[in-house]
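Chemist: Please find query-v4.tsv (TSV, C-alpha atoms and all ligand atoms) on the next line:
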chain	number	residue	atom	x	y	z
X	1	MET	CA	110.92	106.10	113.73
X	2	GLN	CA	109.35	107.81	110.72
X	3	THR	CA	105.57	107.79	110.60
X	4	ILE	CA	104.03	108.58	107.23
X	5	HIS	CA	100.31	109.21	107.33
X	6	ILE	CA	98.40	108.08	104.24
X	7	ALA	CA	95.29	110.23	103.87
X	8	THR	CA	93.12	107.86	101.86
X	9	GLY	CA	89.36	107.46	102.52
X	10	LYS	CA	90.30	104.99	105.24
X	11	PRO	CA	93.56	106.59	106.47
X	12	TYR	CA	96.48	104.68	107.99
X	13	ASP	CA	100.11	105.03	109.01
X	14	VAL	CA	103.29	103.58	107.57
X	15	LEU	CA	105.88	103.06	110.32
X	16	ILE	CA	109.49	102.91	109.16
X	17	LYS	CA	112.52	102.04	111.28
X	18	SER	CA	115.18	99.43	111.75
X	19	GLY	CA	114.11	96.62	114.10
X	20	LEU	CA	110.32	97.09	113.89
X	21	LEU	CA	109.61	93.44	113.08
X	22	ASP	CA	110.29	92.41	116.67
X	23	GLN	CA	107.92	95.11	117.89
X	24	CYS	CA	105.15	94.45	115.37
X	25	GLY	CA	102.86	92.93	118.04
X	26	GLN	CA	102.78	96.04	120.19
X	27	LEU	CA	102.57	98.34	117.15
X	28	ILE	CA	99.61	96.42	115.75
X	29	ALA	CA	97.98	96.35	119.22
X	30	ARG	CA	97.85	100.18	119.05
X	31	VAL	CA	95.44	100.00	116.10
X	32	HIS	CA	93.63	96.69	116.73
X	33	SER	CA	92.76	94.98	119.97
X	34	PRO	CA	94.25	91.50	120.45
X	35	CYS	CA	92.46	88.92	118.29
X	36	THR	CA	93.24	85.96	116.07
X	37	VAL	CA	95.81	86.70	113.37
X	38	ALA	CA	96.66	84.80	110.20
X	39	ILE	CA	100.21	85.57	109.06
X	40	VAL	CA	100.42	84.99	105.30
X	41	THR	CA	103.83	84.58	103.72
X	42	ASP	CA	105.54	82.68	100.87
X	43	ASN	CA	108.31	80.12	100.96
X	44	GLY	CA	110.92	82.55	99.59
X	45	VAL	CA	110.63	84.85	102.60
X	46	PRO	CA	113.30	83.88	105.17
X	47	VAL	CA	111.59	81.64	107.76
X	48	HIS	CA	112.98	83.54	110.75
X	49	LEU	CA	110.97	86.63	109.75
X	50	ALA	CA	107.63	84.87	110.22
X	51	ASP	CA	108.89	83.30	113.45
X	52	ARG	CA	109.87	86.70	114.82
X	53	ALA	CA	106.55	88.29	113.78
X	54	GLU	CA	104.73	85.41	115.45
X	55	ALA	CA	106.70	85.78	118.70
X	56	SER	CA	106.06	89.51	118.83
X	57	LEU	CA	102.34	89.14	118.10
X	58	LYS	CA	101.96	86.42	120.75
X	59	ALA	CA	103.77	88.55	123.33
X	60	ALA	CA	101.24	91.31	122.63
X	61	GLY	CA	98.32	88.94	123.27
X	62	PHE	CA	97.37	87.85	119.73
X	63	GLN	CA	96.49	84.26	118.80
X	64	VAL	CA	98.68	83.46	115.80
X	65	HIS	CA	98.24	81.13	112.80
X	66	LYS	CA	100.63	80.97	109.86
X	67	VAL	CA	100.09	80.00	106.25
X	68	VAL	CA	102.81	79.75	103.61
X	69	PHE	CA	102.26	79.56	99.85
X	70	GLU	CA	104.64	78.85	96.97
X	71	GLN	CA	106.75	81.86	95.93
X	72	GLY	CA	106.71	83.32	92.41
X	73	GLU	CA	104.40	85.20	90.07
X	74	THR	CA	102.78	81.97	88.76
X	75	HIS	CA	101.39	81.34	92.26
X	76	LYS	CA	99.83	84.79	92.55
X	77	ASN	CA	96.62	83.25	91.24
X	78	LEU	CA	93.07	82.18	92.00
X	79	THR	CA	94.22	78.79	93.34
X	80	THR	CA	96.33	80.48	96.03
X	81	LEU	CA	93.53	82.96	96.73
X	82	SER	CA	91.06	80.13	97.21
X	83	MET	CA	93.50	78.24	99.46
X	84	LEU	CA	93.90	81.33	101.65
X	85	LEU	CA	90.16	81.93	101.92
X	86	GLU	CA	89.52	78.30	102.90
X	87	TYR	CA	92.37	78.54	105.40
X	88	PHE	CA	90.90	81.68	107.00
X	89	ALA	CA	87.53	79.95	107.27
X	90	SER	CA	89.08	76.84	108.83
X	91	ILE	CA	90.69	78.78	111.71
X	92	PRO	CA	88.07	80.44	111.68
X	93	LEU	CA	88.91	84.13	111.29
X	94	THR	CA	85.96	86.39	112.10
X	95	ARG	CA	85.21	90.01	111.19
X	96	GLY	CA	87.07	91.12	114.32
X	97	ASP	CA	90.26	89.32	113.30
X	98	LEU	CA	93.26	90.27	111.24
X	99	VAL	CA	95.42	89.17	108.31
X	100	VAL	CA	99.13	90.04	108.36
X	101	ALA	CA	100.86	89.98	104.95
X	102	LEU	CA	104.56	89.33	105.53
X	103	GLY	CA	106.58	89.34	102.33
X	104	GLY	CA	107.18	90.99	99.00
X	105	GLY	CA	104.61	92.43	96.62
X	106	ILE	CA	103.24	89.03	95.73
X	107	VAL	CA	102.33	88.22	99.33
X	108	GLY	CA	100.94	91.72	99.92
X	109	ASP	CA	98.80	91.72	96.77
X	110	THR	CA	97.48	88.18	97.28
X	111	ALA	CA	96.90	88.29	101.05
X	112	GLY	CA	95.45	91.80	100.74
X	113	PHE	CA	92.99	90.67	98.11
X	114	ALA	CA	92.04	87.65	100.24
X	115	ALA	CA	91.43	89.99	103.21
X	116	SER	CA	89.34	92.29	101.00
X	117	CYS	CA	86.87	89.57	100.07
X	118	TYR	CA	86.88	87.21	103.08
X	119	LEU	CA	83.63	87.93	105.00
X	120	ARG	CA	83.23	90.89	102.59
X	121	GLY	CA	86.42	92.40	103.95
X	122	ILE	CA	88.48	92.09	107.12
X	123	PRO	CA	91.41	94.30	108.18
X	124	PHE	CA	94.96	93.53	107.16
X	125	VAL	CA	98.43	94.74	108.02
X	126	GLN	CA	101.35	94.88	105.61
X	127	ILE	CA	104.86	93.96	106.73
X	128	PRO	CA	106.87	94.43	103.52
X	129	THR	CA	110.10	92.42	103.26
X	130	THR	CA	111.35	93.55	99.83
X	131	LEU	CA	112.28	97.11	98.89
X	132	LEU	CA	109.69	97.10	96.12
X	133	ALA	CA	106.98	96.12	98.60
X	134	ALA	CA	108.19	98.74	101.10
X	135	VAL	CA	108.21	101.69	98.69
X	136	ASP	CA	105.46	100.65	96.31
X	137	SER	CA	103.08	97.71	96.69
X	138	SER	CA	102.39	97.90	100.45
X	139	VAL	CA	101.10	101.47	100.15
X	140	GLY	CA	98.05	102.56	98.18
X	141	GLY	CA	95.62	99.70	98.64
X	142	LYS	CA	95.82	98.01	95.25
X	143	THR	CA	95.45	94.27	95.79
X	144	ALA	CA	95.12	91.63	93.09
X	145	VAL	CA	95.95	88.23	91.68
X	146	ASN	CA	96.75	87.30	88.10
X	147	LEU	CA	94.42	85.61	85.62
X	148	GLN	CA	95.50	83.42	82.67
X	149	ALA	CA	94.86	86.47	80.48
X	150	GLY	CA	97.28	88.73	82.34
X	151	LYS	CA	98.75	90.23	85.48
X	152	ASN	CA	96.62	91.73	88.27
X	153	LEU	CA	93.41	91.31	86.29
X	154	THR	CA	91.25	90.65	89.32
X	155	GLY	CA	91.52	92.51	92.59
X	156	ALA	CA	90.22	95.25	94.84
X	157	PHE	CA	91.14	98.57	96.35
X	158	TRP	CA	91.59	97.62	100.00
X	159	GLN	CA	93.74	99.82	102.18
X	160	PRO	CA	95.73	98.20	105.01
X	161	LEU	CA	95.12	99.08	108.65
X	162	LEU	CA	98.83	99.70	109.18
X	163	VAL	CA	102.14	99.17	107.38
X	164	VAL	CA	105.13	98.13	109.50
X	165	CYS	CA	108.37	98.53	107.58
X	166	ASP	CA	111.55	97.20	109.21
X	167	THR	CA	114.44	98.74	107.29
X	168	ASP	CA	116.86	96.25	108.81
X	169	ILE	CA	115.19	93.52	106.70
X	170	LEU	CA	115.61	95.69	103.59
X	171	ALA	CA	119.26	96.50	104.32
X	172	ARG	CA	119.99	92.75	104.32
X	173	LEU	CA	118.33	92.01	100.97
X	174	PRO	CA	120.39	90.35	98.24
X	175	GLU	CA	121.74	92.82	95.67
X	176	ASP	CA	119.33	91.86	92.85
X	177	LEU	CA	116.20	92.25	94.99
X	178	LEU	CA	117.45	95.57	96.30
X	179	ALA	CA	118.16	96.82	92.75
X	180	ASP	CA	114.62	95.97	91.68
X	181	GLY	CA	113.11	98.22	94.34
X	182	ALA	CA	115.80	100.87	93.82
X	183	ALA	CA	114.42	101.56	90.34
X	184	GLU	CA	111.17	102.70	91.98
X	185	CYS	CA	113.11	104.90	94.44
X	186	VAL	CA	114.90	106.64	91.55
X	187	LYS	CA	111.49	107.00	89.88
X	188	TYR	CA	109.98	108.81	92.89
X	189	GLY	CA	112.99	111.14	93.00
X	190	LEU	CA	112.78	111.92	89.31
X	191	LEU	CA	109.05	112.53	89.32
X	192	GLY	CA	108.77	114.66	92.43
X	193	ASP	CA	111.56	114.77	95.01
X	194	ALA	CA	114.92	116.24	93.96
X	195	GLU	CA	116.49	115.58	97.39
X	196	LEU	CA	115.51	111.91	97.19
X	197	PHE	CA	117.02	111.80	93.72
X	198	GLU	CA	120.29	113.19	95.09
X	199	LEU	CA	120.40	110.52	97.79
X	200	MET	CA	119.99	107.81	95.16
X	201	GLU	CA	122.58	109.49	92.95
X	202	ARG	CA	125.07	109.39	95.83
X	203	GLY	CA	124.48	105.64	96.26
X	204	ALA	CA	123.11	106.19	99.77
X	205	LEU	CA	120.41	103.52	99.56
X	206	ARG	CA	121.82	101.05	102.07
X	207	SER	CA	123.23	103.68	104.43
X	208	GLN	CA	120.17	105.95	104.48
X	209	MET	CA	117.48	103.36	104.01
X	210	GLU	CA	115.02	104.82	106.54
X	211	ASP	CA	115.07	108.31	105.05
X	212	ILE	CA	114.89	107.03	101.48
X	213	VAL	CA	111.99	104.64	102.14
X	214	ALA	CA	110.13	107.36	104.06
X	215	ARG	CA	110.52	109.83	101.17
X	216	CYS	CA	109.28	107.24	98.66
X	217	VAL	CA	106.30	106.30	100.82
X	218	ALA	CA	105.44	109.96	101.41
X	219	MET	CA	105.52	110.60	97.66
X	220	LYS	CA	103.38	107.58	96.85
X	221	GLY	CA	101.02	108.47	99.70
X	222	ARG	CA	100.51	112.02	98.42
X	223	ILE	CA	99.73	110.84	94.90
X	224	VAL	CA	97.45	108.00	96.04
X	225	ALA	CA	95.52	110.21	98.48
X	226	GLN	CA	94.65	112.52	95.57
X	227	ASP	CA	93.59	109.70	93.26
X	228	GLU	CA	92.82	106.68	95.40
X	229	HIS	CA	90.97	104.78	92.68
X	230	ASP	CA	93.41	105.42	89.85
X	231	THR	CA	91.39	107.64	87.56
X	232	GLY	CA	94.00	110.32	86.84
X	233	GLY	CA	96.97	111.63	88.81
X	234	ARG	CA	98.01	108.21	90.06
X	235	GLN	CA	99.31	107.60	86.55
X	236	LEU	CA	102.37	109.70	87.49
X	237	LEU	CA	103.56	106.57	89.29
X	238	ASN	CA	103.92	104.96	85.86
X	239	LEU	CA	107.00	107.01	84.98
X	240	GLY	CA	109.24	104.67	82.97
X	241	HIS	CA	106.62	101.93	83.10
X	242	THR	CA	104.95	102.03	79.64
X	243	LEU	CA	108.28	101.36	77.93
X	244	GLY	CA	109.52	99.41	80.98
X	245	HIS	CA	106.71	96.89	80.63
X	246	ALA	CA	107.41	96.66	76.89
X	247	ILE	CA	111.07	95.92	77.66
X	248	GLU	CA	110.13	93.26	80.26
X	249	ARG	CA	107.87	91.66	77.67
X	250	ALA	CA	110.46	91.83	74.87
X	251	SER	CA	112.95	90.08	77.17
X	252	ARG	CA	110.34	87.38	77.87
X	253	PHE	CA	110.73	88.43	81.50
X	254	GLY	CA	114.48	87.72	81.45
X	255	LEU	CA	114.85	91.31	82.62
X	256	THR	CA	113.25	92.14	85.97
X	257	HIS	CA	110.58	94.79	86.47
X	258	GLY	CA	113.13	97.17	88.00
X	259	GLN	CA	115.54	96.68	85.09
X	260	GLY	CA	112.74	97.35	82.59
X	261	VAL	CA	111.65	100.49	84.45
X	262	ALA	CA	115.26	101.73	84.66
X	263	ILE	CA	115.68	101.50	80.88
X	264	GLY	CA	112.14	102.83	80.38
X	265	MET	CA	113.00	105.96	82.38
X	266	VAL	CA	116.15	106.51	80.30
X	267	LEU	CA	114.18	106.20	77.04
X	268	ILE	CA	111.38	108.56	78.01
X	269	THR	CA	113.93	111.07	79.34
X	270	GLN	CA	115.92	110.93	76.11
X	271	ALA	CA	112.76	111.42	74.07
X	272	ALA	CA	111.65	114.36	76.26
X	273	ILE	CA	115.07	116.02	75.85
X	274	ARG	CA	114.99	115.61	72.05
X	275	ARG	CA	111.55	117.22	72.04
X	276	GLY	CA	112.78	120.18	74.04
X	277	LEU	CA	110.58	119.35	77.05
X	278	CYS	CA	113.24	118.22	79.47
X	279	ASP	CA	116.48	119.78	80.67
X	280	ALA	CA	119.41	117.92	79.00
X	281	ALA	CA	121.29	117.76	82.32
X	282	VAL	CA	118.76	115.21	83.60
X	283	LEU	CA	120.01	112.34	81.44
X	284	PRO	CA	123.59	111.95	82.75
X	285	ARG	CA	122.35	112.27	86.33
X	286	LEU	CA	119.66	109.66	85.73
X	287	THR	CA	122.06	107.15	84.18
X	288	GLU	CA	124.57	107.69	87.01
X	289	SER	CA	121.97	107.10	89.71
X	290	LEU	CA	120.72	103.95	87.97
X	291	LYS	CA	124.28	102.66	87.64
X	292	ALA	CA	124.82	103.37	91.34
X	293	CYS	CA	121.96	100.92	91.97
X	294	ASN	CA	123.33	98.23	89.61
X	295	LEU	CA	120.57	98.91	87.12
X	296	PRO	CA	120.96	98.87	83.31
X	297	THR	CA	120.60	102.00	81.20
X	298	GLN	CA	120.99	100.69	77.62
X	299	CYS	CA	118.02	99.34	75.69
X	300	PRO	CA	118.76	95.99	74.00
X	301	TYR	CA	115.58	96.15	71.85
X	302	GLY	CA	114.53	97.99	68.72
X	303	GLN	CA	111.67	100.30	67.90
X	304	GLN	CA	109.20	97.68	66.65
X	305	GLU	CA	109.58	95.36	69.66
X	306	LEU	CA	109.01	98.27	72.03
X	307	LEU	CA	106.06	99.59	70.07
X	308	ASP	CA	104.34	96.17	70.06
X	309	GLY	CA	104.73	95.94	73.83
X	310	ALA	CA	103.75	99.55	74.55
X	311	LEU	CA	100.57	99.29	72.49
X	312	ARG	CA	99.39	96.53	74.81
X	313	ASP	CA	99.71	98.92	77.77
X	314	LYS	CA	96.76	98.75	80.16
X	315	LYS	CA	96.74	102.55	80.41
X	316	ARG	CA	95.94	102.94	76.73
X	317	GLN	CA	92.52	104.47	76.26
X	318	GLY	CA	91.10	104.21	72.75
X	319	GLY	CA	93.18	106.35	70.42
X	320	THR	CA	95.43	107.93	73.04
X	321	ILE	CA	98.05	106.82	75.52
X	322	THR	CA	99.18	108.74	78.59
X	323	LEU	CA	102.93	109.20	78.86
X	324	VAL	CA	104.65	110.35	82.04
X	325	VAL	CA	107.25	112.84	80.87
X	326	PRO	CA	110.13	114.13	83.04
X	327	TYR	CA	110.78	117.87	82.76
X	328	ALA	CA	113.52	118.26	85.37
X	329	ILE	CA	114.83	116.32	88.37
X	330	GLY	CA	111.82	116.26	90.67
X	331	GLU	CA	109.25	117.27	88.06
X	332	ALA	CA	107.15	115.13	85.72
X	333	LYS	CA	103.85	115.68	83.92
X	334	LEU	CA	101.20	113.56	82.28
X	335	LEU	CA	100.96	113.96	78.52
X	336	SER	CA	98.16	112.37	76.54
X	337	VAL	CA	99.42	111.55	73.03
X	338	PRO	CA	97.68	109.97	70.03
X	339	VAL	CA	98.72	106.34	69.65
X	340	GLU	CA	100.16	107.07	66.18
X	341	GLU	CA	102.75	109.37	67.79
X	342	LEU	CA	104.08	106.69	70.10
X	343	SER	CA	106.50	105.28	67.51
X	344	GLY	CA	108.05	108.77	67.16
X	345	TRP	CA	108.55	108.98	70.93
X	346	ILE	CA	110.19	105.55	70.96
X	347	ASP	CA	112.42	106.53	68.03
X	348	ASP	CA	113.55	109.65	69.89
X	349	GLY	CA	114.08	107.62	73.05
X	350	LEU	CA	116.35	105.17	71.27
X	351	LYS	CA	118.55	107.88	69.70
X	352	ALA	CA	121.43	108.52	72.06
Y	401	LIG	N1	99.88	96.66	94.74
Y	401	LIG	C1	100.67	97.50	94.12
Y	401	LIG	O1	100.45	98.71	94.12
Y	401	LIG	C2	101.89	96.97	93.43
Y	401	LIG	C3	102.90	97.85	93.01
Y	401	LIG	C4	104.04	97.31	92.43
Y	401	LIG	C5	104.16	95.94	92.28
Y	401	LIG	N2	103.17	95.10	92.69
Y	401	LIG	C6	103.28	93.65	92.57
Y	401	LIG	O2	104.37	93.24	93.39
Y	401	LIG	C7	104.88	92.01	92.89
Y	401	LIG	C8	106.39	92.07	92.92
Y	401	LIG	O3	106.82	92.27	94.25
Y	401	LIG	P1	108.30	91.89	94.70
Y	401	LIG	O4	109.27	92.47	93.76
Y	401	LIG	O5	108.39	92.19	96.13
Y	401	LIG	O6	108.34	90.34	94.40
Y	401	LIG	P2	108.07	89.05	95.29
Y	401	LIG	O7	106.99	89.24	96.27
Y	401	LIG	O8	107.95	87.90	94.36
Y	401	LIG	O9	109.45	88.91	96.06
Y	401	LIG	C9	110.59	88.54	95.31
Y	401	LIG	C10	111.23	87.26	95.88
Y	401	LIG	O10	111.91	87.59	97.08
Y	401	LIG	C11	111.56	86.71	98.13
Y	401	LIG	N3	111.71	87.49	99.36
Y	401	LIG	C12	110.81	88.27	100.00
Y	401	LIG	N4	111.36	88.88	101.05
Y	401	LIG	C13	112.65	88.49	101.09
Y	401	LIG	C14	113.75	88.77	101.97
Y	401	LIG	N5	113.62	89.62	103.00
Y	401	LIG	N6	114.94	88.19	101.72
Y	401	LIG	C15	115.09	87.36	100.67
Y	401	LIG	N7	114.09	87.04	99.81
Y	401	LIG	C16	112.90	87.61	100.03
Y	401	LIG	C17	110.15	86.30	97.79
Y	401	LIG	O11	109.81	85.07	98.39
Y	401	LIG	C18	110.21	86.18	96.26
Y	401	LIG	O12	110.73	84.94	95.88
Y	401	LIG	C19	104.31	91.82	91.50
Y	401	LIG	O13	103.36	90.79	91.54
Y	401	LIG	C20	103.64	93.16	91.20
Y	401	LIG	O14	102.50	93.03	90.39
Y	401	LIG	C21	102.05	95.60	93.27
Y	402	ZN	ZN	106.97	99.46	89.12
Output the file's structure in the form of structure tokens.
Modeler:
Amino acid sequence: MQTIHIATGKPYDVLIKSGLLDQCGQLIARVHSPCTVAIVTDNGVPVHLADRAEASLKAAGFQVHKVVFEQGETHKNLTTLSMLLEYFASIPLTRGDLVVALGGGIVGDTAGFAASCYLRGIPFVQIPTTLLAAVDSSVGGKTAVNLQAGKNLTGAFWQPLLVVCDTDILARLPEDLLADGAAECVKYGLLGDAELFELMERGALRSQMEDIVARCVAMKGRIVAQDEHDTGGRQLLNLGHTLGHAIERASRFGLTHGQGVAIGMVLITQAAIRRGLCDAAVLPRLTESLKACNLPTQCPYGQQELLDGALRDKKRQGGTITLVVPYAIGEAKLLSVPVEELSGWIDDGLKA
């Protein structure tokens, strides 16, 4: 088992190994004495996963309740949040009890936010069941739901008590869900871990899942521990995301987040090479590793569509925007550029 320690203000461990779901009860009992637990999941998460988590928790002496909400981004909202809070109160969960978020990023973000505000905050455990949740959303303590005005517009920083990541669940994911998370794995490699990048390049994701997830979590953990509340360095995690979000938007969300980020990373790399900042050898290696993960590398949109989307980026601050620029495999830096220069970067990114 790999144990990655996340050194945030309230520190915690991420446990990574095949088969951990059936041991989650005893693993959670190491960090929290037996109590009442509400397992939160959505109806797209295979039912047997919640049943197995429940059995393991009961065997370890926990009292278990389960609540399931409707899958999909449109249900990551205040209505679901309110339903969860009322459900916790009806059990009732007390300060000494626990929420277990079992699912992808939507479950983790929504259940985590509910745990952060119920009784002014009760502990929660993440059991990620998608690759994206395992390598990204379950670590770092950002929780949120969407508002009508946009994604993740209300939430809290609320670190989990523990993250239990069963790589056997991830190895069985359908190809499209795996590809979505794989884009983030390539991102971590490109921005700070050349050995991780090589593993992704070799198409080793399914065969070396534990090592790859552990490297991603370690990378995210290091960055988050230095900038827990997202005021600076955490922006490195946005590599490929400014243009990636613009691509997702231009496709009216026909392209997934991972597909947008994959193309976004190619564009920013191409632009950095044209500007003499990045080693030209990075581009063919990046496109090969994305292809190995069934991710796209060609941008179907033009300069204006990308610029419109990128200018709506949340990270824009007044007249400047922070770009995450790759310099080499395993090295990226933050570059603050005036907004007027963004169109030039996009132009360079689009030129093959
Ligand atoms: N908190 C953070 O730091 C952070 C970081 C990145 C993304 N996010 C958020 O994460 C969300 C996306 O997460 P996601 O990609 O995991 O999406 P998701 O949670 O919607 O999961 C995708 C789909 O897969 C289903 N699913 C879950 N586990 C499965 C399994 N084992 N087998 C088959 N199907 C399964 C889900 O029910 C859902 O329908 C977004 O809302 C995004 O804003 C948060
Ligand atoms: Zn992402």
Chemist: Compare X:Asn77, X:Ser56, X:Ser82, X:Thr297 by their minimum atom-to-atom distance to X:Cys24, counting all atoms listed in the file, and give me the closest one.
Modeler: X:Ser56
Chemist: Could you pull the residues within 7 Å of X:Val37, counting only C-alpha atoms, minus those fewer than 4 positions along the same chain, as a list in words?
Modeler: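 Result of the neighbour search: Phe62, Gln63, Val64, His65, Asp97, Leu98, Val99 and Val100 of chain X.
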Chemist: Considering all atoms listed in the file, can you say which of X:Val67, X:Leu81, X:Ala183, X:Leu119 comes closest to ligand ZN 402 (chain Y)?
Modeler: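 Among X:Val67, X:Leu81, X:Ala183, X:Leu119, it is X:Ala183 that comes nearest to ligand ZN 402 (chain Y).
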Chemist: Mind pulling up the distance from atom CA of X:Lys142 to atom CA of X:Gly264?
Modeler: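 Pair atom CA of X:Gly264 / atom CA of X:Lys142 returns 22.6 Å.
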Chemist: Write out as a list in words which residues come within 12 Å of X:Gln303 when counting only C-alpha atoms, dropping same-chain ones fewer than 5 positions away.
Modeler: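 Answer for this query is Leu243, Ala246, Ile247, Ala250, Leu267, Asp308, Gly309, Ala310, Leu342, Ser343, Gly344, Trp345, Ile346, Asp347, Asp348, Gly349, Leu350 and Lys351 of chain X.
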Chemist: For X:Gly150, which residue among X:Ser33, X:Thr74, X:Gln126, X:Thr269 is the nearest when counting only C-alpha atoms?
Modeler: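 Nearest to X:Gly150: X:Thr74.
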Chemist: One decimal, in Å: what's the spacing between atom C3 of ligand LIG 401 (chain Y) and atom CA of X:Val213?
Modeler: 14.6 Å
Chemist: Around ligand ZN 402 (chain Y), at most 9 Å away and counting all atoms listed in the file, which residues are there? Put them as a tab-separated table (two decimals) with C-alpha atoms, keeping the file's coordinate frame, please.
Modeler:
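The result, written out as selection04.tsv:
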chain	number	residue	atom	x	y	z
X	132	LEU	CA	109.69	97.10	96.12
X	136	ASP	CA	105.46	100.65	96.31
X	137	SER	CA	103.08	97.71	96.69
X	180	ASP	CA	114.62	95.97	91.68
X	181	GLY	CA	113.11	98.22	94.34
X	183	ALA	CA	114.42	101.56	90.34
X	184	GLU	CA	111.17	102.70	91.98
X	187	LYS	CA	111.49	107.00	89.88
X	237	LEU	CA	103.56	106.57	89.29
X	238	ASN	CA	103.92	104.96	85.86
X	239	LEU	CA	107.00	107.01	84.98
X	240	GLY	CA	109.24	104.67	82.97
X	241	HIS	CA	106.62	101.93	83.10
X	244	GLY	CA	109.52	99.41	80.98
X	245	HIS	CA	106.71	96.89	80.63
X	257	HIS	CA	110.58	94.79	86.47
X	258	GLY	CA	113.13	97.17	88.00
X	260	GLY	CA	112.74	97.35	82.59
X	261	VAL	CA	111.65	100.49	84.45
Chemist: Using only C-alpha atoms and all ligand atoms, which of X:Ala134, X:Ala29, X:Leu153, X:Leu173 sits nearest ligand LIG 401 (chain Y)?
Modeler: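 The shortest atom-to-atom distance to ligand LIG 401 (chain Y) comes from X:Leu173.
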Chemist: Looking at X:Lys151, X:Arg215, X:Lys66, X:Arg312, which one is nearest to ligand LIG 401 (chain Y), with distances taken over only C-alpha atoms and all ligand atoms?
Modeler: X:Lys151
Chemist: Which residue is closest to ligand LIG 401 (chain Y)? Choose from X:Ala59, X:Ala194, X:Met83, X:Lys220 and count all atoms listed in the file.
Modeler: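 When distances to ligand LIG 401 (chain Y) are compared using all atoms listed in the file, the smallest one comes from X:Lys220.
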Chemist: Quick check, in Å to one decimal: how far apart do atom C4 of ligand LIG 401 (chain Y) and atom CA of X:Leu57 lie?
Modeler: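 Atom-to-atom, atom C4 of ligand LIG 401 (chain Y) to atom CA of X:Leu57, that is 27.0 Å.
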Chemist: Any idea what's packed within 8 Å of stretch 319-324 of chain X, counting all atoms listed in the file, ignoring anything in its chain fewer than 2 positions away? Could you give it as a compact mmCIF listing (two decimals) with C-alpha atoms, in the frame of the given file?
Modeler:
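Once written, out.txt looks like this:
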# COMPACT_ATOMS: atom_id res chain seq x y z
CA GLN X 235 99.31 107.60 86.55
CA LEU X 236 102.37 109.70 87.49
CA ASN X 238 103.92 104.96 85.86
CA LEU X 239 107.00 107.01 84.98
CA GLY X 240 109.24 104.67 82.97
CA THR X 242 104.95 102.03 79.64
CA LYS X 315 96.74 102.55 80.41
CA ARG X 316 95.94 102.94 76.73
CA GLN X 317 92.52 104.47 76.26
CA PRO X 326 110.13 114.13 83.04
CA ALA X 332 107.15 115.13 85.72
CA LYS X 333 103.85 115.68 83.92
CA LEU X 334 101.20 113.56 82.28
CA LEU X 335 100.96 113.96 78.52
CA SER X 336 98.16 112.37 76.54
CA VAL X 337 99.42 111.55 73.03
CA PRO X 338 97.68 109.97 70.03
CA VAL X 339 98.72 106.34 69.65
Chemist: Neighbouring residues of X:Ala179 were defined as those with any atom within 6 Å, considering only C-alpha atoms; residues of the same chain fewer than 3 positions away were excluded. Please report them as a list in words.
Modeler: Asp176, Ala182 and Cys293 of chain X
Chemist: What are the centre and edge lengths in Å, to one decimal, of the axis-aligned box around all listed atoms of stretch 48-66 of chain X with 3 Å added on each side, as AutoDock Vina command-line options?
Modeler:
--center_x 104.7 --center_y 86.1 --center_z 116.5 --size_x 22.5 --size_y 16.3 --size_z 19.6
Chemist: Might you pull out every residue within 7 Å of stretch 18-20 of chain X, with all atoms listed in the file counted and same-chain residues fewer than 3 positions away left off, and present them as a PyMOL selection string?
Modeler: chain X and resi 23-24+164-168
Chemist: Next, write the just-selected residues to a file, as a PDB file, keeping the file's coordinate frame, keeping C-alpha atoms as the atom set.
Modeler:
ATOM      1  CA  GLN X  23     107.920  95.110 117.890  1.00  0.00           C
ATOM      2  CA  CYS X  24     105.150  94.450 115.370  1.00  0.00           C
ATOM      3  CA  VAL X 164     105.130  98.130 109.500  1.00  0.00           C
ATOM      4  CA  CYS X 165     108.370  98.530 107.580  1.00  0.00           C
ATOM      5  CA  ASP X 166     111.550  97.200 109.210  1.00  0.00           C
ATOM      6  CA  THR X 167     114.440  98.740 107.290  1.00  0.00           C
ATOM      7  CA  ASP X 168     116.860  96.250 108.810  1.00  0.00           C
TER       8      ASP X 168
END
Chemist: Is it possible to get the residues within 10 Å of (105.2, 111.9, 110.9) (coordinates as in the file, counting only C-alpha atoms) written as a PyMOL selection string?
Modeler: chain X and resi 1-5+13-15+214+218
Chemist: Taking (95.8, 96.8, 115.4) in the file's coordinates, which residues come within 10 Å, counting all atoms listed in the file, written as JSON, numbers by chain?
Modeler: {"X": [24, 25, 26, 27, 28, 29, 30, 31, 32, 33, 34, 35, 97, 98, 123, 124, 125, 161, 162]}
